[in-house]
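Colleague: My structure is stored as final.cif, with mmCIF, C-alpha atoms and all ligand atoms.
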```cif
data_final
loop_
_atom_site.label_atom_id
_atom_site.label_comp_id
_atom_site.auth_asym_id
_atom_site.auth_seq_id
_atom_site.Cartn_x
_atom_site.Cartn_y
_atom_site.Cartn_z
CA MET P 1 -137.79 102.02 -36.67
CA LYS P 2 -137.11 99.96 -33.54
CA ARG P 3 -136.55 96.25 -33.72
CA ILE P 4 -138.52 94.41 -31.06
CA TRP P 5 -138.57 90.90 -29.66
CA LEU P 6 -141.78 89.72 -28.00
CA TYR P 7 -141.03 86.56 -26.03
CA ASN P 8 -142.34 84.16 -23.38
CA ALA P 9 -145.75 83.87 -25.05
CA GLU P 10 -148.22 81.28 -26.29
CA LEU P 11 -148.35 82.05 -30.02
CA LEU P 12 -151.78 81.44 -31.57
CA CYS P 13 -150.92 80.07 -35.00
CA PRO P 14 -153.44 78.82 -37.61
CA ASP P 15 -152.64 75.17 -36.91
CA GLY P 16 -152.11 75.25 -33.19
CA GLN P 17 -150.63 76.93 -30.15
CA VAL P 18 -146.83 77.22 -29.93
CA TYR P 19 -144.76 78.49 -27.00
CA GLY P 20 -142.10 81.02 -27.99
CA GLY P 21 -141.72 84.53 -29.36
CA LEU P 22 -141.31 86.60 -32.48
CA THR P 23 -139.26 89.52 -33.73
CA VAL P 24 -140.52 92.62 -35.52
CA GLU P 25 -138.51 94.73 -37.95
CA GLU P 26 -139.74 97.55 -40.17
CA GLY P 27 -143.34 96.93 -39.10
CA ARG P 28 -143.32 93.29 -40.15
CA ILE P 29 -142.86 89.99 -38.38
CA ALA P 30 -139.22 89.14 -39.07
CA ALA P 31 -138.98 85.69 -37.49
CA ILE P 32 -140.96 83.23 -35.38
CA LEU P 33 -138.77 81.89 -32.57
CA PRO P 34 -140.20 78.75 -31.00
CA GLY P 35 -139.39 77.77 -27.41
CA ASP P 36 -136.54 79.67 -25.79
CA ALA P 37 -134.79 80.54 -29.08
CA GLN P 38 -133.25 84.02 -29.04
CA PRO P 39 -132.69 86.43 -31.91
CA VAL P 40 -129.22 87.59 -32.87
CA GLY P 41 -128.63 91.34 -32.65
CA ASP P 42 -130.09 94.31 -30.84
CA PHE P 43 -133.76 94.16 -29.95
CA GLU P 44 -136.06 95.91 -27.52
CA LYS P 45 -137.17 92.99 -25.34
CA ILE P 46 -140.81 92.62 -24.32
CA ASP P 47 -141.60 89.80 -21.87
CA LEU P 48 -145.20 88.68 -22.40
CA ARG P 49 -145.08 86.56 -19.22
CA GLY P 50 -146.78 83.52 -20.64
CA THR P 51 -149.80 85.37 -22.08
CA PHE P 52 -151.27 84.73 -25.53
CA LEU P 53 -150.06 86.45 -28.69
CA ALA P 54 -152.47 86.50 -31.66
CA PRO P 55 -152.59 88.23 -35.03
CA GLY P 56 -154.72 91.41 -34.94
CA PHE P 57 -158.43 90.69 -35.27
CA ILE P 58 -160.21 91.43 -38.55
CA ASP P 59 -163.93 92.35 -38.41
CA ILE P 60 -165.58 92.38 -41.83
CA HIS P 61 -169.07 93.27 -40.56
CA VAL P 62 -169.23 96.13 -38.08
CA HIS P 63 -171.56 99.15 -38.09
CA GLY P 64 -170.10 101.12 -35.21
CA GLY P 65 -169.36 101.26 -31.50
CA GLY P 66 -168.22 103.64 -28.80
CA GLY P 67 -171.43 105.67 -29.26
CA SER P 68 -170.92 106.19 -33.01
CA ASP P 69 -172.06 104.65 -36.26
CA PHE P 70 -169.94 104.67 -39.41
CA MET P 71 -173.00 106.16 -41.11
CA ASP P 72 -173.06 109.25 -38.91
CA GLY P 73 -171.01 110.83 -41.64
CA THR P 74 -168.39 112.68 -39.59
CA PRO P 75 -164.68 112.03 -39.01
CA GLU P 76 -165.34 112.14 -35.26
CA SER P 77 -167.79 109.25 -35.51
CA PHE P 78 -165.30 107.15 -37.48
CA GLU P 79 -162.62 107.99 -34.94
CA ALA P 80 -164.79 106.99 -31.96
CA ALA P 81 -165.88 103.64 -33.44
CA LEU P 82 -162.37 102.80 -34.64
CA SER P 83 -160.68 103.55 -31.34
CA MET P 84 -163.21 101.56 -29.30
CA HIS P 85 -162.77 98.48 -31.52
CA LEU P 86 -158.98 98.87 -31.54
CA ALA P 87 -158.99 98.61 -27.74
CA HIS P 88 -160.67 95.20 -28.11
CA GLY P 89 -158.10 93.84 -30.53
CA THR P 90 -159.53 94.80 -33.95
CA THR P 91 -156.68 95.96 -36.19
CA ALA P 92 -158.56 95.84 -39.51
CA LEU P 93 -162.25 96.19 -40.37
CA CYS P 94 -164.90 96.90 -42.98
CA PRO P 95 -167.16 99.80 -41.95
CA THR P 96 -170.64 98.41 -42.63
CA THR P 97 -173.77 100.24 -43.74
CA LEU P 98 -177.49 99.55 -43.66
CA ALA P 99 -179.96 100.26 -46.46
CA ALA P 100 -180.02 104.06 -46.58
CA GLU P 101 -180.17 107.15 -48.77
CA PHE P 102 -177.33 107.13 -51.26
CA ASP P 103 -175.83 110.35 -49.90
CA GLU P 104 -175.21 108.57 -46.59
CA LEU P 105 -173.57 105.60 -48.31
CA GLY P 106 -171.44 107.98 -50.36
CA ARG P 107 -170.25 109.72 -47.22
CA VAL P 108 -169.09 106.37 -45.78
CA PHE P 109 -167.01 105.73 -48.93
CA ASP P 110 -165.46 109.22 -48.61
CA LEU P 111 -164.58 108.68 -44.95
CA CYS P 112 -163.13 105.23 -45.68
CA ARG P 113 -160.81 106.84 -48.22
CA GLN P 114 -159.95 109.75 -45.93
CA PHE P 115 -159.11 107.51 -42.97
CA ARG P 116 -157.12 105.11 -45.09
CA GLN P 117 -154.97 107.94 -46.44
CA ALA P 118 -154.61 109.92 -43.18
CA PRO P 119 -151.01 110.46 -42.02
CA ASP P 120 -151.85 108.90 -38.64
CA ALA P 121 -153.76 105.95 -40.17
CA GLY P 122 -151.21 103.59 -38.59
CA THR P 123 -152.56 104.31 -35.11
CA ARG P 124 -156.04 103.00 -35.94
CA PRO P 125 -157.49 99.78 -37.38
CA ARG P 126 -156.90 99.34 -41.12
CA ILE P 127 -159.88 100.30 -43.28
CA LEU P 128 -160.39 97.38 -45.64
CA GLY P 129 -163.19 99.07 -47.60
CA ALA P 130 -166.90 99.30 -46.91
CA HIS P 131 -169.32 96.43 -46.50
CA LEU P 132 -172.74 97.42 -47.86
CA GLU P 133 -175.51 95.47 -46.17
CA GLY P 134 -178.29 96.23 -48.65
CA PRO P 135 -180.18 98.03 -50.04
CA TYR P 136 -180.91 95.16 -52.50
CA ILE P 137 -182.40 92.74 -49.98
CA ALA P 138 -185.68 90.92 -49.35
CA ALA P 139 -188.19 93.08 -47.47
CA SER P 140 -189.53 89.89 -45.83
CA MET P 141 -186.05 89.29 -44.33
CA LYS P 142 -185.21 92.89 -43.51
CA GLY P 143 -184.37 92.19 -39.85
CA ALA P 144 -183.56 95.54 -38.26
CA GLN P 145 -183.18 97.33 -41.61
CA ASP P 146 -185.51 100.22 -42.42
CA GLU P 147 -187.88 99.01 -45.14
CA LYS P 148 -188.24 102.40 -46.79
CA TYR P 149 -184.66 102.27 -48.08
CA ILE P 150 -184.83 98.76 -49.55
CA ARG P 151 -184.52 98.75 -53.36
CA SER P 152 -184.80 96.45 -56.34
CA PRO P 153 -181.75 95.88 -58.55
CA GLU P 154 -184.13 96.27 -61.50
CA ASP P 155 -184.01 100.06 -61.11
CA GLY P 156 -180.32 99.98 -62.07
CA SER P 157 -179.36 102.24 -59.17
CA TYR P 158 -176.58 99.86 -58.12
CA ARG P 159 -174.50 101.41 -60.90
CA ASP P 160 -174.63 104.75 -59.09
CA ILE P 161 -173.41 103.10 -55.90
CA LEU P 162 -170.52 101.37 -57.64
CA LYS P 163 -169.54 104.60 -59.35
CA ARG P 164 -169.78 106.59 -56.11
CA ALA P 165 -167.71 103.97 -54.26
CA GLY P 166 -164.64 104.62 -56.37
CA GLY P 167 -163.01 101.37 -55.28
CA MET P 168 -164.01 101.72 -51.60
CA LEU P 169 -166.69 99.00 -51.76
CA ARG P 170 -165.30 95.64 -50.63
CA ILE P 171 -168.23 93.41 -49.69
CA TRP P 172 -171.83 93.61 -50.82
CA THR P 173 -174.61 91.77 -48.98
CA VAL P 174 -177.48 91.18 -51.39
CA ALA P 175 -180.40 88.74 -51.69
CA PRO P 176 -179.59 86.43 -54.61
CA GLU P 177 -183.26 85.64 -55.43
CA LEU P 178 -184.18 89.21 -56.40
CA LEU P 179 -185.32 89.92 -59.95
CA GLY P 180 -182.57 91.59 -61.93
CA ILE P 181 -179.81 90.61 -59.49
CA GLU P 182 -177.63 89.05 -62.22
CA ALA P 183 -176.80 92.46 -63.67
CA LEU P 184 -175.75 93.72 -60.24
CA GLU P 185 -173.62 90.60 -59.69
CA LYS P 186 -171.86 91.12 -62.99
CA ALA P 187 -171.16 94.79 -62.30
CA ALA P 188 -169.93 94.06 -58.76
CA ARG P 189 -167.65 91.25 -59.90
CA SER P 190 -166.07 93.44 -62.55
CA GLU P 191 -165.17 95.94 -59.79
CA GLY P 192 -163.68 93.22 -57.59
CA VAL P 193 -166.47 93.49 -55.00
CA LEU P 194 -167.10 90.33 -52.96
CA LEU P 195 -170.69 89.13 -52.97
CA SER P 196 -172.27 87.84 -49.78
CA ALA P 197 -175.79 86.40 -49.68
CA GLY P 198 -177.92 87.76 -46.88
CA HIS P 199 -181.26 89.21 -45.81
CA SER P 200 -182.56 86.64 -48.26
CA ASP P 201 -185.86 84.80 -48.57
CA GLY P 202 -184.65 82.61 -51.43
CA ARG P 203 -184.72 78.83 -51.72
CA PHE P 204 -181.79 76.41 -51.72
CA GLU P 205 -181.49 76.68 -55.51
CA ASP P 206 -181.07 80.46 -55.34
CA LEU P 207 -177.96 80.19 -53.20
CA GLU P 208 -176.71 77.30 -55.29
CA ARG P 209 -176.97 79.51 -58.37
CA ALA P 210 -175.31 82.37 -56.48
CA ALA P 211 -172.39 80.18 -55.43
CA GLN P 212 -171.86 79.29 -59.08
CA ASN P 213 -171.95 82.98 -59.97
CA GLY P 214 -169.19 84.23 -57.75
CA TYR P 215 -170.72 84.62 -54.28
CA THR P 216 -168.15 83.53 -51.73
CA MET P 217 -169.84 84.43 -48.47
CA VAL P 218 -173.05 84.30 -46.51
CA THR P 219 -173.99 87.18 -44.21
CA HIS P 220 -174.67 86.44 -40.52
CA LEU P 221 -175.66 82.80 -40.79
CA TYR P 222 -179.10 82.02 -39.27
CA SER P 223 -180.08 85.70 -38.98
CA SER P 224 -182.47 87.16 -41.59
CA MET P 225 -182.40 84.17 -43.94
CA SER P 226 -184.94 81.60 -45.07
CA THR P 227 -185.00 78.03 -43.85
CA ILE P 228 -187.09 74.89 -44.54
CA ILE P 229 -190.70 75.40 -45.64
CA ARG P 230 -193.26 72.71 -46.51
CA GLU P 231 -195.08 72.63 -49.80
CA ASN P 232 -197.76 69.93 -50.15
CA GLY P 233 -196.07 68.20 -47.25
CA MET P 234 -192.68 68.16 -48.96
CA ARG P 235 -189.81 69.91 -47.29
CA ARG P 236 -187.98 72.55 -49.33
CA PRO P 237 -184.67 73.75 -47.92
CA GLY P 238 -183.83 77.44 -47.85
CA ILE P 239 -180.81 79.71 -47.79
CA LEU P 240 -179.71 78.47 -44.36
CA GLU P 241 -179.46 74.82 -45.42
CA ALA P 242 -177.65 75.75 -48.64
CA ALA P 243 -175.21 77.90 -46.66
CA LEU P 244 -174.44 75.01 -44.33
CA LEU P 245 -174.04 72.52 -47.15
CA LEU P 246 -172.17 74.35 -49.92
CA ASP P 247 -168.39 74.27 -49.39
CA GLY P 248 -167.53 77.31 -51.50
CA LEU P 249 -169.34 79.67 -49.13
CA THR P 250 -167.71 81.12 -46.02
CA ALA P 251 -170.22 81.90 -43.29
CA GLU P 252 -170.23 85.02 -41.15
CA VAL P 253 -171.10 84.06 -37.58
CA ILE P 254 -172.15 86.57 -34.91
CA ALA P 255 -170.64 84.70 -31.97
CA ASP P 256 -171.68 87.21 -29.32
CA GLY P 257 -173.28 84.52 -27.15
CA MET P 258 -176.73 86.00 -27.78
CA HIS P 259 -177.56 85.55 -31.48
CA LEU P 260 -176.78 81.82 -31.48
CA PRO P 261 -176.89 79.28 -28.63
CA PRO P 262 -173.87 76.98 -28.05
CA SER P 263 -175.61 74.07 -29.81
CA LEU P 264 -175.95 76.02 -33.06
CA LEU P 265 -172.40 77.35 -32.83
CA ARG P 266 -171.25 73.74 -32.55
CA LEU P 267 -173.45 72.71 -35.47
CA ILE P 268 -171.91 75.46 -37.62
CA VAL P 269 -168.37 74.40 -36.68
CA LYS P 270 -169.24 70.79 -37.50
CA THR P 271 -170.76 71.60 -40.90
CA LYS P 272 -168.62 74.50 -42.14
CA GLY P 273 -165.38 73.41 -40.51
CA ALA P 274 -162.84 75.71 -38.85
CA ASP P 275 -161.93 77.14 -42.28
CA GLY P 276 -165.45 77.98 -43.37
CA ILE P 277 -166.31 80.44 -40.60
CA VAL P 278 -165.59 84.14 -40.19
CA LEU P 279 -166.52 85.60 -36.82
CA VAL P 280 -168.10 89.06 -37.05
CA THR P 281 -169.43 91.45 -34.44
CA ASP P 282 -172.20 93.13 -36.49
CA ALA P 283 -171.73 95.71 -33.72
CA MET P 284 -173.83 98.86 -33.60
CA ARG P 285 -173.08 102.12 -31.80
CA GLY P 286 -173.99 100.73 -28.37
CA ALA P 287 -170.94 98.41 -28.42
CA GLY P 288 -168.41 99.39 -25.78
CA MET P 289 -171.06 101.59 -24.14
CA PRO P 290 -173.33 101.26 -21.10
CA ALA P 291 -176.92 100.04 -21.42
CA GLY P 292 -179.25 102.60 -22.97
CA ILE P 293 -181.19 103.72 -26.03
CA TYR P 294 -179.12 104.11 -29.20
CA LYS P 295 -179.82 104.90 -32.86
CA LEU P 296 -179.33 102.01 -35.26
CA GLY P 297 -177.97 103.58 -38.44
CA SER P 298 -177.18 107.26 -38.78
CA LEU P 299 -177.94 109.76 -36.03
CA ARG P 300 -180.03 111.71 -38.53
CA ARG P 301 -182.19 108.95 -39.97
CA GLY P 302 -181.62 105.88 -37.77
CA GLN P 303 -184.15 104.05 -35.60
CA ASP P 304 -184.05 103.85 -31.79
CA VAL P 305 -182.99 100.50 -30.35
CA ILE P 306 -182.43 99.38 -26.77
CA SER P 307 -179.17 97.93 -25.47
CA ASP P 308 -179.00 96.15 -22.13
CA GLY P 309 -175.22 95.98 -22.42
CA GLN P 310 -175.36 92.40 -23.78
CA ILE P 311 -177.56 92.77 -26.87
CA ALA P 312 -179.41 95.50 -28.79
CA ARG P 313 -183.11 94.98 -29.44
CA MET P 314 -185.79 96.69 -31.51
CA PRO P 315 -188.36 98.72 -29.55
CA ASP P 316 -190.59 95.60 -29.44
CA GLY P 317 -188.09 94.37 -26.85
CA ILE P 318 -187.69 91.04 -28.69
CA SER P 319 -186.06 91.25 -32.15
CA PHE P 320 -182.31 91.76 -32.24
CA ALA P 321 -180.90 94.93 -33.81
CA GLY P 322 -177.24 94.17 -34.38
CA SER P 323 -174.96 93.33 -31.50
CA VAL P 324 -172.95 95.22 -28.91
CA ALA P 325 -170.08 92.73 -29.21
CA THR P 326 -166.38 93.28 -29.76
CA THR P 327 -164.02 90.86 -31.48
CA ASP P 328 -162.36 89.68 -28.26
CA ARG P 329 -165.79 88.69 -26.94
CA LEU P 330 -166.37 86.53 -30.06
CA VAL P 331 -163.17 84.64 -29.28
CA ARG P 332 -164.22 84.10 -25.66
CA VAL P 333 -167.68 82.87 -26.68
CA MET P 334 -166.31 80.44 -29.28
CA THR P 335 -163.86 78.90 -26.81
CA ARG P 336 -166.17 78.82 -23.80
CA GLU P 337 -169.54 78.08 -25.40
CA ALA P 338 -168.70 76.29 -28.65
CA GLY P 339 -165.73 74.46 -27.14
CA VAL P 340 -163.31 75.16 -29.99
CA PRO P 341 -159.59 75.45 -29.14
CA LEU P 342 -158.41 79.03 -28.65
CA TRP P 343 -156.09 78.99 -31.67
CA GLN P 344 -159.00 77.89 -33.85
CA ALA P 345 -161.34 80.61 -32.57
CA VAL P 346 -158.57 83.14 -33.25
CA ARG P 347 -158.13 81.75 -36.76
CA MET P 348 -161.83 82.43 -37.42
CA VAL P 349 -161.31 86.15 -36.78
CA THR P 350 -157.83 86.51 -38.35
CA LEU P 351 -156.66 84.19 -41.13
CA ASN P 352 -160.16 83.23 -42.31
CA PRO P 353 -161.37 86.81 -42.91
CA ALA P 354 -157.98 87.70 -44.44
CA ARG P 355 -158.38 84.82 -46.88
CA ALA P 356 -162.02 85.65 -47.57
CA LEU P 357 -160.88 89.11 -48.66
CA GLY P 358 -157.76 87.90 -50.45
CA LEU P 359 -155.42 89.75 -48.06
CA GLU P 360 -151.88 88.38 -48.05
CA GLU P 361 -150.33 90.86 -45.63
CA ILE P 362 -152.27 90.26 -42.43
CA GLY P 363 -154.08 87.60 -40.42
CA VAL P 364 -151.35 85.18 -39.38
CA LEU P 365 -148.20 85.05 -37.24
CA GLN P 366 -145.71 84.39 -39.99
CA ALA P 367 -142.43 85.96 -41.09
CA GLY P 368 -143.04 88.66 -43.67
CA ARG P 369 -146.58 89.54 -42.57
CA ARG P 370 -147.49 92.92 -41.12
CA ALA P 371 -146.94 92.96 -37.35
CA ASP P 372 -150.56 93.62 -36.36
CA LEU P 373 -150.72 91.82 -33.02
CA VAL P 374 -152.96 91.34 -29.99
CA VAL P 375 -151.77 90.28 -26.55
CA LEU P 376 -154.48 88.41 -24.62
CA GLY P 377 -154.36 87.71 -20.90
CA PRO P 378 -155.26 84.34 -19.34
CA ASP P 379 -158.91 85.50 -19.15
CA LEU P 380 -158.80 86.28 -22.92
CA HIS P 381 -159.19 90.02 -22.38
CA VAL P 382 -156.96 92.31 -24.42
CA CYS P 383 -153.75 93.52 -22.74
CA ALA P 384 -152.07 95.28 -25.68
CA VAL P 385 -152.54 95.92 -29.40
CA TYR P 386 -149.82 96.49 -32.02
CA ARG P 387 -150.18 97.86 -35.53
CA ASP P 388 -147.23 97.49 -37.89
CA GLY P 389 -145.12 96.59 -34.87
CA ARG P 390 -146.04 99.71 -32.94
CA ARG P 391 -147.96 99.46 -29.67
CA VAL P 392 -151.14 101.47 -30.29
CA TRP P 393 -153.16 100.43 -27.26
CA GLU P 394 -152.35 99.09 -23.82
CA LYS P 395 -154.50 98.13 -20.87
CA SER P 396 -154.14 100.83 -18.25
CA GLY P 397 -154.41 98.71 -15.09
CA LYS P 398 -157.98 99.09 -13.91
CA GLY P 399 -159.49 98.96 -17.37
CA ASP P 400 -163.08 98.29 -18.24
CA ARG P 401 -164.19 94.71 -18.29
CA GLU P 402 -166.78 93.10 -20.48
CA THR P 403 -168.07 89.60 -20.63
ZN ZN L 501 -175.13 94.18 -40.02
#
```
Have the structure of the file written as structure tokens, please.
Modeller:
Amino acid sequence: MKRIWLYNAELLCPDGQVYGGLTVEEGRIAAILPGDAQPVGDFEKIDLRGTFLAPGFIDIHVHGGGGSDFMDGTPESFEAALSMHLAHGTTALCPTTLAAEFDELGRVFDLCRQFRQAPDAGTRPRILGAHLEGPYIAASMKGAQDEKYIRSPEDGSYRDILKRAGGMLRIWTVAPELLGIEALEKAARSEGVLLSAGHSDGRFEDLERAAQNGYTMVTHLYSSMSTIIRENGMRRPGILEAALLLDGLTAEVIADGMHLPPSLLRLIVKTKGADGIVLVTDAMRGAGMPAGIYKLGSLRRGQDVISDGQIARMPDGISFAGSVATTDRLVRVMTREAGVPLWQAVRMVTLNPARALGLEEIGVLQAGRRADLVVLGPDLHVCAVYRDGRRVWEKSGKGDRET
């Protein structure tokens, strides 16, 4: 395998921006070379001309894109969604499902396994395992989920899902206030599945209990979760306030510039800190596609939603139905609208999700890590993407532009 030296770049490291370069050997970052330092030996030289070099982006909540949904159930649909997100800098992701028939969830597990083991897997984003969003959620906080597939953990069916997953289930979004949820939590923990509280109508105490019982994340902060209510005039905080307050919980943030205004993005950064946030797209099939009508969920059983190219909405024209964002757009929004430094926005979609999932191999520009890399131009659009040190995508010249 070729040895390469990427130089003349602004390296986006977890603690700041550093001018310099790095070398890649055997698919891994071999050395970080600050300033004008040069490697010793034979390397293919790649001049990045002062552009930004970041670790590959990691999206732990993404339903689809490029006209496909991971729940469509075919290899072609996986391929289409993966290649669209790769072109926007995503080098690792969790295919995410909605509440659905179990056969559809099972098919997603099968395809995750198939794509992870494929001989050409190295040309696509890494499959980190599935993220199940439901079906054990609060009907009153269903958001864009189809109510007829929502279940209660009391029926014990979660055991069938865990069995069917065969190790391919990584993150499970559940509502921690549901009756019988403790048994699900125990079963999920014993399989190493990460628990994320979401689509929840619980009170502050429910998330407090959850955090003490192994939940480490909160699903799309502010969306589909309870907030302050008043009882006899007294204010009772909800899931949102607990998520902001409790340090042990990392918050998913859909920073597409539509779900949350700049003021709330800034409030989240102030309360959770740069370490406590994971940027996610929550993208549906309309991501990377022109405006139009798209199915949310599988082609067979999904519901029609309308994308204007910036956001997908339910047929009522008001409620949001997932996003049409890509990871590079999240980085642009966080820097431009929330005012965080670029290196910090990048950290929220690289090192933070890697840590949330306990991944040691990816997510940071550091010797020894896998050389999954993204080159960003001055406008923060993606110029090139590397996986294991191999260039797997490059901007063709004209290229399509998104905001
Ligand atoms: Zn989602």
Colleague: Taking a cut-off of 8 Å and counting only C-alpha atoms and all ligand atoms, can you build a table that, for each residue of chain P near ligand ZN 501 (chain L), reports the nearest atom pair and how far apart they are in Å (one decimal), sorted by chain then residue number, as a Markdown table?
Modeller:
```
| residue | atom | partner | partner_atom | distance |
| --- | --- | --- | --- | --- |
| P:His61 | CA | L:ZN501 | ZN | 6.2 |
| P:Val62 | CA | L:ZN501 | ZN | 6.5 |
| P:His63 | CA | L:ZN501 | ZN | 6.4 |
| P:Thr96 | CA | L:ZN501 | ZN | 6.7 |
| P:Thr97 | CA | L:ZN501 | ZN | 7.2 |
| P:Leu98 | CA | L:ZN501 | ZN | 6.9 |
| P:Glu133 | CA | L:ZN501 | ZN | 6.3 |
| P:His220 | CA | L:ZN501 | ZN | 7.8 |
| P:Asp282 | CA | L:ZN501 | ZN | 4.7 |
| P:Ala283 | CA | L:ZN501 | ZN | 7.3 |
| P:Gly322 | CA | L:ZN501 | ZN | 6.0 |
```
Colleague: Find the residue from P:Gly167, P:Val385, P:Tyr7, P:Arg370 that sits nearest to Glu25 in chain P; use all atoms listed in the file when measuring.
Modeller: P:Arg370
Colleague: Show which residues sit within 6 Å of range 43-48 of chain P, as a list in words. Count all atoms listed in the file, and ignore same-chain residues fewer than 4 positions away.
Modeller: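 Once the adjacent positions are removed, what remains is Arg3, Ile4, Trp5, Leu6, Tyr7, Asn8 and Ala9 of chain P.
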Colleague: Excluding same-chain residues fewer than 4 positions from range 264-279 of chain P, what lies within 10 Å of it counting all atoms listed in the file, as a short mmCIF file (atom, residue, chain, number, x, y, z; two decimals) with C-alpha atoms, keeping the file's coordinate frame?
Modeller:
```cif
data_model
loop_
_atom_site.label_atom_id
_atom_site.label_comp_id
_atom_site.auth_asym_id
_atom_site.auth_seq_id
_atom_site.Cartn_x
_atom_site.Cartn_y
_atom_site.Cartn_z
CA PRO P 14 -153.44 78.82 -37.61
CA PHE P 57 -158.43 90.69 -35.27
CA ILE P 58 -160.21 91.43 -38.55
CA ASP P 59 -163.93 92.35 -38.41
CA ILE P 60 -165.58 92.38 -41.83
CA HIS P 61 -169.07 93.27 -40.56
CA MET P 217 -169.84 84.43 -48.47
CA VAL P 218 -173.05 84.30 -46.51
CA THR P 219 -173.99 87.18 -44.21
CA HIS P 220 -174.67 86.44 -40.52
CA LEU P 221 -175.66 82.80 -40.79
CA TYR P 222 -179.10 82.02 -39.27
CA ALA P 243 -175.21 77.90 -46.66
CA LEU P 244 -174.44 75.01 -44.33
CA LEU P 245 -174.04 72.52 -47.15
CA LEU P 246 -172.17 74.35 -49.92
CA ASP P 247 -168.39 74.27 -49.39
CA GLY P 248 -167.53 77.31 -51.50
CA LEU P 249 -169.34 79.67 -49.13
CA THR P 250 -167.71 81.12 -46.02
CA ALA P 251 -170.22 81.90 -43.29
CA GLU P 252 -170.23 85.02 -41.15
CA VAL P 253 -171.10 84.06 -37.58
CA ILE P 254 -172.15 86.57 -34.91
CA ALA P 255 -170.64 84.70 -31.97
CA ASP P 256 -171.68 87.21 -29.32
CA GLY P 257 -173.28 84.52 -27.15
CA HIS P 259 -177.56 85.55 -31.48
CA LEU P 260 -176.78 81.82 -31.48
CA THR P 327 -164.02 90.86 -31.48
CA LEU P 330 -166.37 86.53 -30.06
CA VAL P 331 -163.17 84.64 -29.28
CA VAL P 333 -167.68 82.87 -26.68
CA MET P 334 -166.31 80.44 -29.28
CA GLU P 337 -169.54 78.08 -25.40
CA ALA P 338 -168.70 76.29 -28.65
CA GLY P 339 -165.73 74.46 -27.14
CA VAL P 340 -163.31 75.16 -29.99
CA GLN P 344 -159.00 77.89 -33.85
CA ALA P 345 -161.34 80.61 -32.57
CA VAL P 346 -158.57 83.14 -33.25
CA ARG P 347 -158.13 81.75 -36.76
CA MET P 348 -161.83 82.43 -37.42
CA VAL P 349 -161.31 86.15 -36.78
CA THR P 350 -157.83 86.51 -38.35
CA LEU P 351 -156.66 84.19 -41.13
CA ASN P 352 -160.16 83.23 -42.31
CA PRO P 353 -161.37 86.81 -42.91
CA ALA P 354 -157.98 87.70 -44.44
CA ARG P 355 -158.38 84.82 -46.88
CA ALA P 356 -162.02 85.65 -47.57
#
```
Colleague: Considering all atoms listed in the file, state which residue in the set P:Ala37, P:Ala188, P:Ala92, P:Met141 is at the smallest distance from Gly122 in chain P.
Modeller: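 Of all the options, P:Ala92 lies closest to Gly122 in chain P.
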Colleague: Any idea what the distance is between CA of Leu11 in chain P and CA of Gly288 in chain P?
Modeller: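 One can read the CA of Leu11 in chain P to CA of Gly288 in chain P distance as 26.9 Å.
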Colleague: What is the CA of Lys142 in chain P to CA of Lys163 in chain P distance in Å?
Modeller: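 Computing the Euclidean distance for CA of Lys142 in chain P and CA of Lys163 in chain P yields 25.2 Å.
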Colleague: Can you work out the spacing between CA of Pro55 in chain P and CA of Ala80 in chain P in Å, to one decimal?
Modeller: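 Rounded to one decimal, the two atoms are 22.6 Å apart.
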Colleague: May I have the residues at most 12 Å from (-172.8, 104.7, -58.0) in the file's coordinates, counting all atoms listed in the file, as JSON, numbers by chain?
Modeller: {"P": [102, 103, 105, 106, 109, 156, 157, 158, 159, 160, 161, 162, 163, 164, 165, 166, 167, 168, 169, 184, 187, 188, 191]}
Colleague: Which residue is closest to Arg209 in chain P? Choose from P:Arg235, P:Ile293, P:Ile181, P:Arg189 and count all atoms listed in the file.
Modeller: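 Among P:Arg235, P:Ile293, P:Ile181, P:Arg189, it is P:Ile181 that comes nearest to Arg209 in chain P.
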Colleague: Near range 31-33 of chain P, within 6 Å and counting all atoms listed in the file, which residues show up once chain neighbours fewer than 2 positions away are dropped, as a PyMOL selection string?
Modeller: chain P and resi 20-23+29+37+367
Colleague: Looking at P:Glu231, P:Asp69, P:Glu26, P:Glu10, which one is nearest to Gly389 in chain P, with distances taken over all atoms listed in the file?
Modeller: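 Ranked by minimum distance to Gly389 in chain P, first place goes to P:Glu26.
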Colleague: Between P:Val108, P:Met258, P:Val280, P:Leu357, which has the minimum distance to Gly192 in chain P (counting only C-alpha atoms)?
Modeller: P:Leu357
Colleague: Complete range 59-63 of chain P with N, CA and C atoms (output as a PDB file, in the coordinates of the input).
Modeller:
```pdb
ATOM      1  N   ASP P  59    -162.458  92.387 -38.508  1.00  0.00           N
ATOM      2  CA  ASP P  59    -163.930  92.350 -38.410  1.00  0.00           C
ATOM      3  C   ASP P  59    -164.524  92.880 -39.717  1.00  0.00           C
ATOM      4  N   ILE P  60    -165.086  91.973 -40.508  1.00  0.00           N
ATOM      5  CA  ILE P  60    -165.580  92.380 -41.830  1.00  0.00           C
ATOM      6  C   ILE P  60    -167.044  92.814 -41.822  1.00  0.00           C
ATOM      7  N   HIS P  61    -167.658  92.827 -40.651  1.00  0.00           N
ATOM      8  CA  HIS P  61    -169.070  93.270 -40.560  1.00  0.00           C
ATOM      9  C   HIS P  61    -169.258  94.008 -39.248  1.00  0.00           C
ATOM     10  N   VAL P  62    -169.127  95.331 -39.300  1.00  0.00           N
ATOM     11  CA  VAL P  62    -169.230  96.130 -38.080  1.00  0.00           C
ATOM     12  C   VAL P  62    -169.776  97.518 -38.438  1.00  0.00           C
ATOM     13  N   HIS P  63    -170.878  97.885 -37.768  1.00  0.00           N
ATOM     14  CA  HIS P  63    -171.560  99.150 -38.090  1.00  0.00           C
ATOM     15  C   HIS P  63    -171.064 100.321 -37.243  1.00  0.00           C
TER      16      HIS P  63
END
```
